[in-house]
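Asks: Got a structure for you, input-v6.cif, holding mmCIF, C-alpha atoms (C1' of nucleotides).
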data_coords
#
loop_
_atom_site.label_atom_id
_atom_site.label_comp_id
_atom_site.auth_asym_id
_atom_site.auth_seq_id
_atom_site.Cartn_x
_atom_site.Cartn_y
_atom_site.Cartn_z
CA MET A 18 0.00 0.00 0.00
CA ALA A 19 2.50 2.54 -1.07
CA ASP A 20 0.54 5.11 -2.96
CA VAL A 21 -2.96 5.17 -1.66
CA LEU A 22 -4.22 6.86 1.44
CA GLU A 23 -6.05 4.54 3.75
CA PRO A 24 -9.79 5.08 3.68
CA LYS A 25 -9.74 6.74 7.06
CA GLN A 26 -7.09 9.17 5.88
CA LEU A 27 -8.96 9.83 2.69
CA ASN A 28 -12.18 10.60 4.50
CA THR A 29 -10.37 12.85 6.92
CA TYR A 30 -8.64 14.70 4.12
CA PHE A 31 -11.86 15.24 2.19
CA ALA A 32 -13.79 16.27 5.27
CA LEU A 33 -11.09 18.76 6.17
CA MET A 34 -10.90 20.25 2.72
CA GLU A 35 -14.64 20.53 2.24
CA ALA A 36 -15.35 21.90 5.69
CA VAL A 37 -12.68 24.56 5.39
CA SER A 38 -13.78 25.40 1.89
CA LEU A 39 -17.30 25.99 3.17
CA LEU A 40 -15.98 28.03 6.07
CA GLN A 41 -13.77 30.15 3.84
CA HIS A 42 -16.62 30.77 1.49
CA ALA A 43 -19.00 31.82 4.22
CA VAL A 44 -16.47 33.98 5.97
CA SER A 45 -15.41 35.66 2.75
CA GLN A 46 -18.98 36.56 2.01
CA GLN A 47 -19.44 38.06 5.44
CA LEU A 48 -16.29 40.15 5.13
CA ARG A 49 -17.18 41.28 1.64
CA ALA A 50 -20.73 42.19 2.57
CA GLU A 51 -19.97 43.99 5.82
CA GLY A 52 -16.65 45.57 5.01
CA GLY A 53 -15.84 45.18 1.34
CA LEU A 54 -12.78 43.12 2.30
CA SER A 55 -11.38 39.87 1.02
CA TYR A 56 -10.18 37.38 3.58
CA VAL A 57 -6.57 38.18 2.78
CA GLN A 58 -7.19 41.89 3.20
CA PHE A 59 -8.89 41.25 6.50
CA GLU A 60 -5.96 39.15 7.61
CA LEU A 61 -3.51 41.88 6.71
CA LEU A 62 -5.50 44.51 8.57
CA ALA A 63 -6.00 42.26 11.56
CA ARG A 64 -2.30 41.56 11.69
CA LEU A 65 -1.45 45.24 11.53
CA SER A 66 -4.05 46.15 14.10
CA SER A 67 -2.71 43.67 16.61
CA SER A 68 0.88 44.63 15.96
CA ASP A 69 2.77 47.00 18.23
CA GLY A 70 3.78 49.15 15.32
CA PRO A 71 4.15 49.18 11.57
CA LEU A 72 5.47 46.11 9.79
CA THR A 73 7.62 45.76 6.74
CA MET A 74 6.12 44.24 3.64
CA THR A 75 8.11 41.09 4.20
CA GLU A 76 6.94 40.76 7.80
CA LEU A 77 3.40 41.40 6.74
CA ALA A 78 3.54 38.83 3.98
CA ASP A 79 4.69 36.01 6.19
CA GLY A 80 2.09 33.28 6.21
CA VAL A 81 -0.57 35.35 4.51
CA VAL A 82 0.47 35.61 0.92
CA TYR A 83 2.54 33.50 -1.42
CA SER A 84 4.01 36.07 -3.75
CA ARG A 85 5.61 39.42 -3.22
CA SER A 86 3.74 41.11 -6.00
CA GLY A 87 0.50 39.85 -4.54
CA LEU A 88 1.19 41.65 -1.33
CA THR A 89 2.21 44.82 -3.15
CA HIS A 90 -1.09 44.68 -4.96
CA GLN A 91 -3.16 44.13 -1.84
CA ALA A 92 -1.28 46.77 0.12
CA GLY A 93 -1.89 49.17 -2.73
CA LEU A 94 -5.62 48.52 -2.59
CA LEU A 95 -5.71 48.97 1.16
CA GLU A 96 -3.71 52.16 0.88
CA LYS A 97 -5.97 53.54 -1.81
CA ALA A 98 -8.92 52.82 0.46
CA GLY A 99 -7.22 54.78 3.25
CA LEU A 100 -6.91 51.74 5.51
CA VAL A 101 -3.12 51.55 5.67
CA THR A 102 -0.17 53.83 5.05
CA ARG A 103 3.07 52.95 3.36
CA GLY A 104 6.35 54.71 3.80
CA PRO A 105 10.08 54.16 3.66
CA SER A 106 11.77 52.45 6.57
CA ALA A 107 14.32 54.38 8.58
CA ASP A 108 16.34 51.30 9.44
CA ASP A 109 16.61 49.71 6.06
CA HIS A 110 16.15 51.99 3.10
CA ARG A 111 15.10 49.11 0.90
CA ALA A 112 12.15 48.29 3.08
CA THR A 113 8.64 49.69 3.10
CA VAL A 114 6.84 49.92 6.41
CA VAL A 115 3.11 49.53 6.52
CA GLY A 116 0.92 50.95 9.25
CA ILE A 117 -2.79 50.81 9.89
CA THR A 118 -4.82 54.01 9.88
CA GLU A 119 -7.64 54.98 12.19
CA ALA A 120 -10.06 54.12 9.40
CA GLY A 121 -8.40 50.75 9.13
CA ARG A 122 -8.88 50.08 12.82
CA GLU A 123 -12.46 51.19 12.61
CA LEU A 124 -13.15 48.87 9.72
CA VAL A 125 -11.65 45.93 11.55
CA ALA A 126 -13.77 46.81 14.56
CA LYS A 127 -16.84 47.05 12.38
CA VAL A 128 -16.32 43.75 10.65
CA LEU A 129 -14.98 41.69 13.50
CA PRO A 130 -18.20 40.95 15.39
CA GLY A 131 -19.87 39.46 12.35
CA HIS A 132 -16.76 37.55 11.52
CA VAL A 133 -16.45 36.09 14.97
CA ASP A 134 -20.11 35.30 14.99
CA ALA A 135 -19.85 33.40 11.73
CA VAL A 136 -16.85 31.42 12.90
CA ARG A 137 -18.53 30.51 16.12
CA ARG A 138 -21.77 29.57 14.45
CA LEU A 139 -20.24 27.57 11.62
CA LEU A 140 -17.10 26.07 13.09
CA PHE A 141 -17.41 25.91 16.84
CA ALA A 142 -21.11 25.35 17.35
CA PRO A 143 -20.96 21.60 16.75
CA LEU A 144 -17.77 21.10 18.78
CA SER A 145 -17.29 20.27 22.44
CA THR A 146 -14.59 21.76 24.60
CA SER A 147 -12.45 18.69 24.21
CA ASP A 148 -12.98 18.79 20.44
CA LEU A 149 -11.71 22.34 20.51
CA ASP A 150 -8.60 21.34 22.41
CA ALA A 151 -7.94 18.43 20.14
CA LEU A 152 -8.47 20.39 16.96
CA GLY A 153 -6.33 23.25 18.16
CA GLY A 154 -3.46 20.98 19.04
CA ILE A 155 -3.65 19.00 15.86
CA MET A 156 -3.85 21.94 13.51
CA ALA A 157 -1.09 23.83 15.27
CA ARG A 158 1.11 20.81 14.86
CA VAL A 159 0.22 20.43 11.19
CA ARG A 160 0.78 24.11 10.57
CA ASP A 161 4.17 24.10 12.23
CA HIS A 162 5.12 20.98 10.35
CA MET A 163 4.22 22.57 7.05
CA ARG A 164 5.99 25.79 7.86
CA ALA A 165 9.11 23.86 8.65
CA GLU A 166 9.00 21.52 5.70
CA PRO A 167 7.83 23.59 2.78
CA PRO A 168 6.37 21.80 -0.21
CA ARG A 169 8.93 20.70 -2.72
CA SER A 170 9.17 23.01 -5.68
CA VAL A 171 8.54 26.07 -3.61
CA ALA A 172 11.96 27.51 -4.08
CA THR A 173 10.75 31.08 -4.29
CA ARG A 174 12.48 33.36 -1.89
CA ARG A 175 10.57 33.57 1.32
CA SER A 176 11.18 33.43 5.05
CA PRO A 177 12.59 36.80 6.01
CA LYS A 178 14.31 35.97 9.30
CA GLY A 179 15.32 32.35 9.34
CA SER A 180 17.45 31.22 6.49
CA GLY A 181 14.87 29.42 4.46
CA ALA A 182 15.34 27.34 1.35
CA MET B 6 -18.66 37.16 25.80
CA ALA B 7 -20.67 38.43 22.90
CA ASP B 8 -18.24 39.35 20.20
CA VAL B 9 -14.87 37.89 20.87
CA LEU B 10 -13.73 34.36 20.40
CA GLU B 11 -11.96 32.98 23.40
CA PRO B 12 -8.21 32.87 22.89
CA LYS B 13 -8.28 29.12 22.51
CA GLN B 14 -10.90 29.36 19.82
CA LEU B 15 -9.03 32.10 18.07
CA ASN B 16 -5.81 30.12 18.00
CA THR B 17 -7.62 27.07 16.76
CA TYR B 18 -9.34 29.03 14.03
CA PHE B 19 -6.11 30.63 12.85
CA ALA B 20 -4.18 27.38 12.97
CA LEU B 21 -6.89 25.66 10.96
CA MET B 22 -7.05 28.37 8.34
CA GLU B 23 -3.32 28.71 7.93
CA ALA B 24 -2.62 25.00 7.87
CA VAL B 25 -5.27 24.35 5.26
CA SER B 26 -4.16 27.33 3.24
CA LEU B 27 -0.65 25.92 3.16
CA LEU B 28 -1.97 22.49 2.27
CA GLN B 29 -4.17 23.84 -0.51
CA HIS B 30 -1.31 25.81 -1.92
CA ALA B 31 1.09 22.87 -1.90
CA VAL B 32 -1.44 20.48 -3.33
CA SER B 33 -2.47 22.91 -6.03
CA GLN B 34 1.11 23.29 -7.11
CA GLN B 35 1.58 19.56 -7.30
CA LEU B 36 -1.56 19.11 -9.38
CA ARG B 37 -0.65 21.97 -11.67
CA ALA B 38 2.89 20.81 -12.15
CA GLU B 39 2.16 17.14 -12.71
CA GLY B 40 -1.15 17.32 -14.50
CA GLY B 41 -1.99 20.88 -15.41
CA LEU B 42 -5.04 20.71 -13.18
CA SER B 43 -6.48 23.05 -10.60
CA TYR B 44 -7.70 21.52 -7.37
CA VAL B 45 -11.30 21.97 -8.43
CA GLN B 46 -10.66 20.27 -11.75
CA PHE B 47 -8.95 17.41 -9.98
CA GLU B 48 -11.88 17.09 -7.64
CA LEU B 49 -14.30 16.94 -10.53
CA LEU B 50 -12.28 14.29 -12.32
CA ALA B 51 -11.78 12.29 -9.15
CA ARG B 52 -15.48 12.38 -8.48
CA LEU B 53 -16.29 11.22 -11.97
CA SER B 54 -13.67 8.51 -11.90
CA SER B 55 -15.00 7.02 -8.70
CA SER B 56 -18.57 7.24 -9.85
CA ASP B 57 -20.43 4.27 -11.29
CA GLY B 58 -21.42 6.24 -14.34
CA PRO B 59 -21.85 9.74 -15.68
CA LEU B 60 -23.20 12.46 -13.45
CA THR B 61 -25.37 15.42 -14.19
CA MET B 62 -23.91 18.87 -13.84
CA THR B 63 -25.92 19.43 -10.70
CA GLU B 64 -24.72 16.20 -9.12
CA LEU B 65 -21.19 17.03 -10.09
CA ALA B 66 -21.38 20.51 -8.68
CA ASP B 67 -22.51 19.42 -5.24
CA GLY B 68 -19.97 20.47 -2.68
CA VAL B 69 -17.29 21.35 -5.20
CA VAL B 70 -18.36 24.60 -6.71
CA TYR B 71 -20.46 27.52 -5.57
CA SER B 72 -21.95 28.76 -8.78
CA ARG B 73 -23.53 27.08 -11.75
CA SER B 74 -21.65 29.06 -14.32
CA GLY B 75 -18.41 28.17 -12.61
CA LEU B 76 -19.07 24.52 -13.17
CA THR B 77 -20.07 25.08 -16.77
CA HIS B 78 -16.79 26.86 -17.28
CA GLN B 79 -14.69 24.16 -15.64
CA ALA B 80 -16.54 21.37 -17.42
CA GLY B 81 -15.93 23.20 -20.67
CA LEU B 82 -12.21 23.34 -19.99
CA LEU B 83 -12.09 19.66 -19.09
CA GLU B 84 -14.06 18.78 -22.19
CA LYS B 85 -11.79 20.84 -24.41
CA ALA B 86 -8.85 18.99 -22.92
CA GLY B 87 -10.49 15.70 -23.79
CA LEU B 88 -10.83 14.63 -20.18
CA VAL B 89 -14.61 14.52 -19.96
CA THR B 90 -17.55 14.28 -22.32
CA ARG B 91 -20.81 16.13 -22.11
CA GLY B 92 -24.07 15.06 -23.60
CA PRO B 93 -27.80 15.33 -23.14
CA SER B 94 -29.47 13.17 -20.53
CA ALA B 95 -32.01 10.60 -21.63
CA ASP B 96 -34.03 10.83 -18.44
CA ASP B 97 -34.36 14.54 -18.15
CA HIS B 98 -33.94 16.52 -21.30
CA ARG B 99 -32.93 19.61 -19.39
CA ALA B 100 -29.93 17.90 -17.86
CA THR B 101 -26.40 17.44 -19.14
CA VAL B 102 -24.56 14.28 -18.20
CA VAL B 103 -20.84 14.37 -17.78
CA GLY B 104 -18.63 11.32 -18.15
CA ILE B 105 -14.91 10.82 -17.78
CA THR B 106 -12.87 9.71 -20.77
CA GLU B 107 -10.03 7.24 -20.85
CA ALA B 108 -7.63 10.17 -21.03
CA GLY B 109 -9.31 11.60 -17.95
CA ARG B 110 -8.82 8.38 -16.04
CA GLU B 111 -5.23 8.22 -17.12
CA LEU B 112 -4.58 11.74 -15.98
CA VAL B 113 -6.10 11.04 -12.58
CA ALA B 114 -3.96 7.93 -12.31
CA LYS B 115 -0.91 9.90 -13.29
CA VAL B 116 -1.47 12.68 -10.81
CA LEU B 117 -2.84 10.73 -7.89
CA PRO B 118 0.37 9.23 -6.49
CA GLY B 119 2.02 12.60 -6.16
CA HIS B 120 -1.11 14.05 -4.69
CA VAL B 121 -1.44 11.32 -2.12
CA ASP B 122 2.21 11.61 -1.32
CA ALA B 123 1.93 15.32 -0.71
CA VAL B 124 -1.09 14.93 1.53
CA ARG B 125 0.57 12.23 3.53
CA ARG B 126 3.80 14.12 3.86
CA LEU B 127 2.27 17.47 4.70
CA LEU B 128 -0.89 16.63 6.60
CA PHE B 129 -0.60 13.16 8.08
CA ALA B 130 3.10 12.88 8.80
CA PRO B 131 2.92 14.75 12.09
CA LEU B 132 -0.28 13.03 13.26
CA SER B 133 -0.78 9.90 15.32
CA THR B 134 -3.49 7.36 14.69
CA SER B 135 -5.63 8.82 17.41
CA ASP B 136 -5.08 12.30 15.98
CA LEU B 137 -6.33 11.00 12.69
CA ASP B 138 -9.46 9.58 14.28
CA ALA B 139 -10.11 12.74 16.20
CA LEU B 140 -9.56 15.02 13.23
CA GLY B 141 -11.70 12.89 10.96
CA GLY B 142 -14.59 12.85 13.41
CA ILE B 143 -14.39 16.55 14.13
CA MET B 144 -14.17 17.71 10.55
CA ALA B 145 -16.94 15.40 9.39
CA ARG B 146 -19.15 16.87 12.08
CA VAL B 147 -18.24 20.42 11.14
CA ARG B 148 -18.78 19.70 7.47
CA ASP B 149 -22.18 18.16 8.06
CA HIS B 150 -23.12 21.03 10.31
CA MET B 151 -22.21 23.56 7.65
CA ARG B 152 -23.98 21.65 4.93
CA ALA B 153 -27.12 21.56 7.01
CA GLU B 154 -27.04 25.14 8.17
CA PRO B 155 -25.79 27.15 5.24
CA PRO B 156 -24.32 30.55 6.00
CA ARG B 157 -26.89 33.29 6.14
CA SER B 158 -26.97 35.32 2.98
CA VAL B 159 -26.10 32.42 0.78
CA ALA B 160 -29.09 31.88 -1.43
CA THR B 161 -28.47 29.65 -4.40
CA ARG B 162 -30.53 31.78 -6.67
CA ARG B 163 -31.81 35.33 -6.30
CA SER B 164 -30.09 36.98 -3.40
CA PRO B 165 -30.44 40.63 -2.60
CA LYS B 166 -27.29 42.52 -3.23
CA GLY B 167 -25.12 43.58 -0.31
CA SER B 168 -22.91 46.59 -0.03
CA GLY B 169 -19.50 46.34 -1.55
CA ALA B 170 -16.45 48.35 -2.42
"C1'" DT C 18 25.79 39.71 -5.12
"C1'" DA C 19 21.74 39.29 -2.43
"C1'" DT C 20 17.62 41.38 -0.75
"C1'" DT C 21 13.42 44.54 -0.69
"C1'" DG C 22 9.84 46.01 -3.08
"C1'" DT C 23 7.34 47.68 -7.32
"C1'" DT C 24 5.66 47.41 -12.01
"C1'" DA C 25 3.69 45.40 -16.00
"C1'" DT C 26 1.34 41.84 -17.59
"C1'" DA C 27 -1.19 37.79 -18.24
"C1'" DC C 28 -3.92 34.25 -16.68
"C1'" DT C 29 -7.27 31.80 -13.83
"C1'" DC C 30 -11.22 31.61 -10.98
"C1'" DT C 31 -15.51 33.21 -9.64
"C1'" DA C 32 -19.95 35.28 -9.82
"C1'" DT C 33 -24.06 37.88 -11.66
"C1'" DA C 34 -27.47 38.46 -14.97
"C1'" DA C 35 -29.78 37.37 -19.00
"C1'" DC C 36 -31.05 33.69 -21.75
"C1'" DT C 37 -32.90 28.98 -23.68
"C1'" DA C 38 -35.07 24.68 -22.98
"C1'" DT C 39 -37.37 21.45 -20.65
"C1'" DA C 40 -40.37 19.75 -16.45
"C1'" DT D 5 -43.61 28.43 -12.46
"C1'" DA D 6 -39.58 26.10 -11.31
"C1'" DT D 7 -35.48 23.74 -12.68
"C1'" DA D 8 -31.03 22.58 -15.62
"C1'" DG D 9 -27.70 24.46 -17.97
"C1'" DT D 10 -25.21 27.95 -20.96
"C1'" DT D 11 -23.48 32.41 -22.33
"C1'" DA D 12 -21.48 36.84 -21.86
"C1'" DT D 13 -19.10 39.56 -19.13
"C1'" DA D 14 -16.89 41.79 -15.52
"C1'" DG D 15 -14.06 41.77 -11.44
"C1'" DA D 16 -10.85 40.00 -8.19
"C1'" DG D 17 -6.83 37.22 -7.00
"C1'" DT D 18 -2.49 35.45 -8.13
"C1'" DA D 19 1.86 34.67 -10.16
"C1'" DT D 20 6.05 35.53 -13.24
"C1'" DA D 21 9.52 38.25 -14.98
"C1'" DA D 22 11.90 42.45 -15.49
"C1'" DC D 23 13.23 46.24 -12.98
"C1'" DA D 24 15.28 49.88 -9.49
"C1'" DA D 25 17.25 50.77 -5.24
"C1'" DT D 26 19.71 49.56 -1.25
"C1'" DA D 27 22.56 46.29 1.77
#
Would you mind writing the structure in this file as structure tokens?
Replies:
Amino acid sequence: MADVLEPKQLNTYFALMEAVSLLQHAVSQQLRAEGGLSYVQFELLARLSSSDGPLTMTELADGVVYSRSGLTHQAGLLEKAGLVTRGPSADDHRATVVGITEAGRELVAKVLPGHVDAVRRLLFAPLSTSDLDALGGIMARVRDHMRAEPPRSVATRRSPKGSGA
Amino acid sequence: MADVLEPKQLNTYFALMEAVSLLQHAVSQQLRAEGGLSYVQFELLARLSSSDGPLTMTELADGVVYSRSGLTHQAGLLEKAGLVTRGPSADDHRATVVGITEAGRELVAKVLPGHVDAVRRLLFAPLSTSDLDALGGIMARVRDHMRAEPPRSVATRRSPKGSGA
DNA sequence: TATTGTTATACTCTATAACTATA
DNA sequence: TATAGTTATAGAGTATAACAATA
């Protein structure tokens, strides 16, 4: 049995992919309807709003986006909407630092309750406390595993701090 | 308690979304590189190849795609590539039945080992047997919950338009 | 030379609305 | 009237490659 997943694995994989697909779809609709934001844009704003200060493009990209130009594009849209500011970094003159504006914070605050409500209603409602613990532990482990061992063929330059691939 | 997720929930939610995002990205790359397929296209072919016979567009769409025109588009691409056939249904003259071709089966067979390998390496490698059981049970429950209680504002046909940007 | 970020561009995916035809 | 599917089209997201500037 070298190249088939066992049935249990297959079912788990499909259930995971479909459930998350449904969740992503629902959550994207909520963000779009209530704030005109894509999920990625929301993630960027949320990251900036919970950060102590501005972040560089590279810091901001980490884990959210898979190409540099994609982030430039999204940051441009957010800037044009007055939700973030971009400016040169004092430390490293190559870098751009991105900060959230008051309007950006307000939009996050406006959208967050509905977002949280959707997640709770769709994802957590059918789960017990021990399910929550189990799921959290499992997915954190999977995430860390995948961060550490990037998919083959992803040789693109990434990972700002640690010396990546 | 009204509009924040508890920290544990928040971490679980983020871990789930990031892990699956990484998995989707890796798996999409593998499918694209080895078979020129998107994940959705692979799903459609896989569904057809494990089906007893042809499926109607509506049957095929179920759980894979969120709009009818999207499926028409993807089916058109697959047909143009010689991977599926489309024809009128005998039972219901409104319906289109979609069947997989020999080339379609061959492509699935060609791509599947790498796909399975990626999933095993990225998702299952860091999980124990009991993790697998737990994850499978949890995600099946979440999936069924979301199927049963579709997100508000998702109406298959005719939905009032929300605000946007 | 390597890294940060932008630009230009092209391509895919998705979704809405209008349409045809069958039930 | 309701359902199955297609078309046309428009918009958003993403990625690649070439580029400029700084380390």
Asks: Please produce, as JSON lines, a per-residue contact table for chain D versus chain B (criterion: any atom at most 10 Å away, all atoms listed in the file considered), showing the nearest atom pair and its distance in Å to one decimal, sorted by chain then residue number.
Replies:
{"residue": "D:DT7", "atom": "C1'", "partner": "B:Arg99", "partner_atom": "CA", "distance": 8.3}
{"residue": "D:DA8", "atom": "C1'", "partner": "B:Arg99", "partner_atom": "CA", "distance": 5.2}
{"residue": "D:DG9", "atom": "C1'", "partner": "B:Ala100", "partner_atom": "CA", "distance": 6.9}
{"residue": "D:DT10", "atom": "C1'", "partner": "B:Thr77", "partner_atom": "CA", "distance": 7.2}
{"residue": "D:DT11", "atom": "C1'", "partner": "B:Ser74", "partner_atom": "CA", "distance": 8.9}
Asks: Write out the coordinates of chain B as a compact mmCIF listing (two decimals) with C-alpha atoms, in the coordinates of the input after a least-squares overlay onto chain A built on all ordered Cα pairs.
Replies:
# COMPACT_ATOMS: atom_id res chain seq x y z
CA MET B 6 2.54 1.16 3.23
CA ALA B 7 4.76 3.42 1.23
CA ASP B 8 2.52 5.51 -0.93
CA VAL B 9 -1.02 5.35 0.23
CA LEU B 10 -2.59 7.08 3.15
CA GLU B 11 -4.59 4.77 5.32
CA PRO B 12 -8.31 5.18 4.76
CA LYS B 13 -8.71 6.94 8.07
CA GLN B 14 -6.02 9.42 7.17
CA LEU B 15 -7.48 9.96 3.76
CA ASN B 16 -10.93 10.68 5.14
CA THR B 17 -9.49 13.02 7.70
CA TYR B 18 -7.48 14.86 5.10
CA PHE B 19 -10.45 15.27 2.78
CA ALA B 20 -12.78 16.32 5.56
CA LEU B 21 -10.27 18.90 6.73
CA MET B 22 -9.70 20.32 3.27
CA GLU B 23 -13.35 20.47 2.34
CA ALA B 24 -14.52 21.90 5.63
CA VAL B 25 -11.91 24.63 5.58
CA SER B 26 -12.59 25.35 1.95
CA LEU B 27 -16.25 25.86 2.77
CA LEU B 28 -15.35 28.01 5.75
CA GLN B 29 -12.94 30.14 3.74
CA HIS B 30 -15.49 30.63 1.04
CA ALA B 31 -18.25 31.65 3.44
CA VAL B 32 -16.01 33.94 5.42
CA SER B 33 -14.62 35.56 2.31
CA GLN B 34 -18.10 36.32 1.10
CA GLN B 35 -19.03 37.88 4.39
CA LEU B 36 -15.93 40.06 4.42
CA ARG B 37 -16.42 41.08 0.82
CA ALA B 38 -20.06 41.87 1.26
CA GLU B 39 -19.80 43.79 4.51
CA GLY B 40 -16.45 45.47 4.09
CA GLY B 41 -15.14 45.00 0.58
CA LEU B 42 -12.19 43.08 1.96
CA SER B 43 -10.52 39.85 0.97
CA TYR B 44 -9.58 37.46 3.74
CA VAL B 45 -5.93 38.37 3.38
CA GLN B 46 -6.71 42.07 3.61
CA PHE B 47 -8.81 41.46 6.69
CA GLU B 48 -5.99 39.49 8.23
CA LEU B 49 -3.55 42.29 7.59
CA LEU B 50 -5.85 44.89 9.09
CA ALA B 51 -6.67 42.69 12.06
CA ARG B 52 -3.00 42.14 12.70
CA LEU B 53 -2.27 45.83 12.55
CA SER B 54 -5.22 46.71 14.73
CA SER B 55 -4.16 44.34 17.47
CA SER B 56 -0.56 45.42 17.29
CA ASP B 57 0.93 47.92 19.71
CA GLY B 58 2.23 50.03 16.88
CA PRO B 59 3.14 49.97 13.22
CA LEU B 60 4.77 46.92 11.73
CA THR B 61 7.32 46.55 9.01
CA MET B 62 6.30 44.89 5.79
CA THR B 63 8.30 41.83 6.71
CA GLU B 64 6.66 41.55 10.12
CA LEU B 65 3.29 42.04 8.54
CA ALA B 66 3.89 39.43 5.90
CA ASP B 67 4.79 36.68 8.34
CA GLY B 68 2.35 33.85 8.02
CA VAL B 69 -0.14 35.78 5.92
CA VAL B 70 1.37 35.98 2.51
CA TYR B 71 3.80 33.89 0.52
CA SER B 72 5.50 36.44 -1.64
CA ARG B 73 6.92 39.86 -1.01
CA SER B 74 5.37 41.45 -4.03
CA GLY B 75 2.00 40.11 -2.98
CA LEU B 76 2.21 42.02 0.24
CA THR B 77 3.35 45.17 -1.50
CA HIS B 78 0.34 44.89 -3.74
CA GLN B 79 -2.13 44.32 -0.91
CA ALA B 80 -0.61 47.07 1.22
CA GLY B 81 -0.91 49.38 -1.76
CA LEU B 82 -4.59 48.59 -2.11
CA LEU B 83 -5.20 49.14 1.60
CA GLU B 84 -3.29 52.39 1.49
CA LYS B 85 -5.23 53.62 -1.52
CA ALA B 86 -8.41 52.85 0.36
CA GLY B 87 -7.19 54.94 3.26
CA LEU B 88 -7.07 52.00 5.64
CA VAL B 89 -3.34 51.94 6.31
CA THR B 90 -0.40 54.30 6.01
CA ARG B 91 3.06 53.50 4.80
CA GLY B 92 6.19 55.37 5.64
CA PRO B 93 9.92 54.94 6.03
CA SER B 94 11.24 53.38 9.21
CA ALA B 95 13.45 55.44 11.48
CA ASP B 96 15.42 52.45 12.72
CA ASP B 97 16.21 50.80 9.46
CA HIS B 98 16.11 52.96 6.41
CA ARG B 99 15.46 50.00 4.16
CA ALA B 100 12.24 49.15 5.93
CA THR B 101 8.71 50.41 5.42
CA VAL B 102 6.46 50.67 8.45
CA VAL B 103 2.77 50.15 8.05
CA GLY B 104 0.20 51.58 10.43
CA ILE B 105 -3.56 51.32 10.56
CA THR B 106 -5.66 54.45 10.20
CA GLU B 107 -8.79 55.38 12.08
CA ALA B 108 -10.79 54.38 9.02
CA GLY B 109 -9.01 51.03 9.07
CA ARG B 110 -9.95 50.46 12.68
CA GLU B 111 -13.50 51.42 11.97
CA LEU B 112 -13.73 49.03 9.09
CA VAL B 113 -12.38 46.18 11.20
CA ALA B 114 -14.91 47.04 13.89
CA LYS B 115 -17.66 47.13 11.32
CA VAL B 116 -16.81 43.80 9.77
CA LEU B 117 -15.76 41.86 12.83
CA PRO B 118 -19.17 41.04 14.33
CA GLY B 119 -20.38 39.43 11.15
CA HIS B 120 -17.13 37.61 10.77
CA VAL B 121 -17.20 36.26 14.29
CA ASP B 122 -20.80 35.31 13.86
CA ALA B 123 -20.07 33.36 10.72
CA VAL B 124 -17.17 31.51 12.30
CA ARG B 125 -19.21 30.63 15.32
CA ARG B 126 -22.18 29.52 13.30
CA LEU B 127 -20.25 27.53 10.73
CA LEU B 128 -17.27 26.17 12.62
CA PHE B 129 -18.03 26.10 16.32
CA ALA B 130 -21.75 25.43 16.38
CA PRO B 131 -21.41 21.69 15.93
CA LEU B 132 -18.48 21.34 18.35
CA SER B 133 -18.43 20.62 22.06
CA THR B 134 -16.05 22.23 24.50
CA SER B 135 -13.81 19.22 24.45
CA ASP B 136 -13.88 19.22 20.65
CA LEU B 137 -12.73 22.79 20.76
CA ASP B 138 -9.84 21.94 23.06
CA ALA B 139 -8.84 18.99 20.96
CA LEU B 140 -9.03 20.87 17.68
CA GLY B 141 -7.12 23.83 19.06
CA GLY B 142 -4.32 21.66 20.38
CA ILE B 143 -4.06 19.59 17.23
CA MET B 144 -4.05 22.47 14.79
CA ALA B 145 -1.57 24.49 16.82
CA ARG B 146 0.75 21.50 16.77
CA VAL B 147 0.32 21.02 13.04
CA ARG B 148 0.84 24.70 12.39
CA ASP B 149 4.00 24.82 14.45
CA HIS B 150 5.25 21.69 12.78
CA MET B 151 4.73 23.18 9.35
CA ARG B 152 6.30 26.46 10.30
CA ALA B 153 9.36 24.66 11.56
CA GLU B 154 9.71 22.23 8.70
CA PRO B 155 8.79 24.16 5.60
CA PRO B 156 7.75 22.14 2.58
CA ARG B 157 10.64 21.05 0.44
CA SER B 158 11.05 23.22 -2.60
CA VAL B 159 9.87 26.32 -0.88
CA ALA B 160 12.82 28.65 -0.84
CA THR B 161 11.98 32.22 0.02
CA ARG B 162 14.35 33.58 -2.53
CA ARG B 163 16.06 31.94 -5.49
CA SER B 164 14.50 28.59 -6.13
CA PRO B 165 15.30 26.49 -9.14
CA LYS B 166 12.43 26.27 -11.51
CA GLY B 167 10.34 23.11 -11.66
CA SER B 168 8.53 21.66 -14.59
CA GLY B 169 5.15 23.07 -15.37
CA ALA B 170 2.40 23.04 -17.92
Asks: To one decimal place, how far is CA of Gly131 (chain A) from CA of Ser147 (chain A) in Å?
Replies: 25.0 Å
Asks: Write out as a list in words each polymer residue whose atoms come within 8 Å of His132 (chain A), counting only C-alpha atoms (C1' of nucleotides); drop sequence neighbours fewer than 4 positions from it.
Replies: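 The residues that qualify are Val44, Gln47, Leu48, Val128 and Val136 of chain A.
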Asks: Using only C-alpha atoms (C1' of nucleotides), find which residues of chain C lie within 10 Å of chain A and jot them down as number ranges by chain.
Replies: C: 20-24
Asks: I need the chain A residues near chain B as a ChimeraX atom specification; criterion: at most 7 Å, counting all atoms listed in the file.
Replies: /A:20-22,28-29,32-33,35-36,43,49-50,53,130,133-134,139-140,143,148,152-153,155-160,162-163,168
Asks: Here's the selection I'm unsure about, the PyMOL selection byres ((chain C and resi 26) around 10); applied to the file above, which residues does it give, as number ranges by chain?
Replies: C: 24-25, 27-28; D: 20-21
Asks: Please produce a file of those selected residues containing C-alpha atoms (C1' of nucleotides), as a short mmCIF file (atom, residue, chain, number, x, y, z; two decimals), in the coordinates of the input.
Replies:
data_model
loop_
_atom_site.label_atom_id
_atom_site.label_comp_id
_atom_site.auth_asym_id
_atom_site.auth_seq_id
_atom_site.Cartn_x
_atom_site.Cartn_y
_atom_site.Cartn_z
"C1'" DT C 24 5.66 47.41 -12.01
"C1'" DA C 25 3.69 45.40 -16.00
"C1'" DA C 27 -1.19 37.79 -18.24
"C1'" DC C 28 -3.92 34.25 -16.68
"C1'" DT D 20 6.05 35.53 -13.24
"C1'" DA D 21 9.52 38.25 -14.98
#
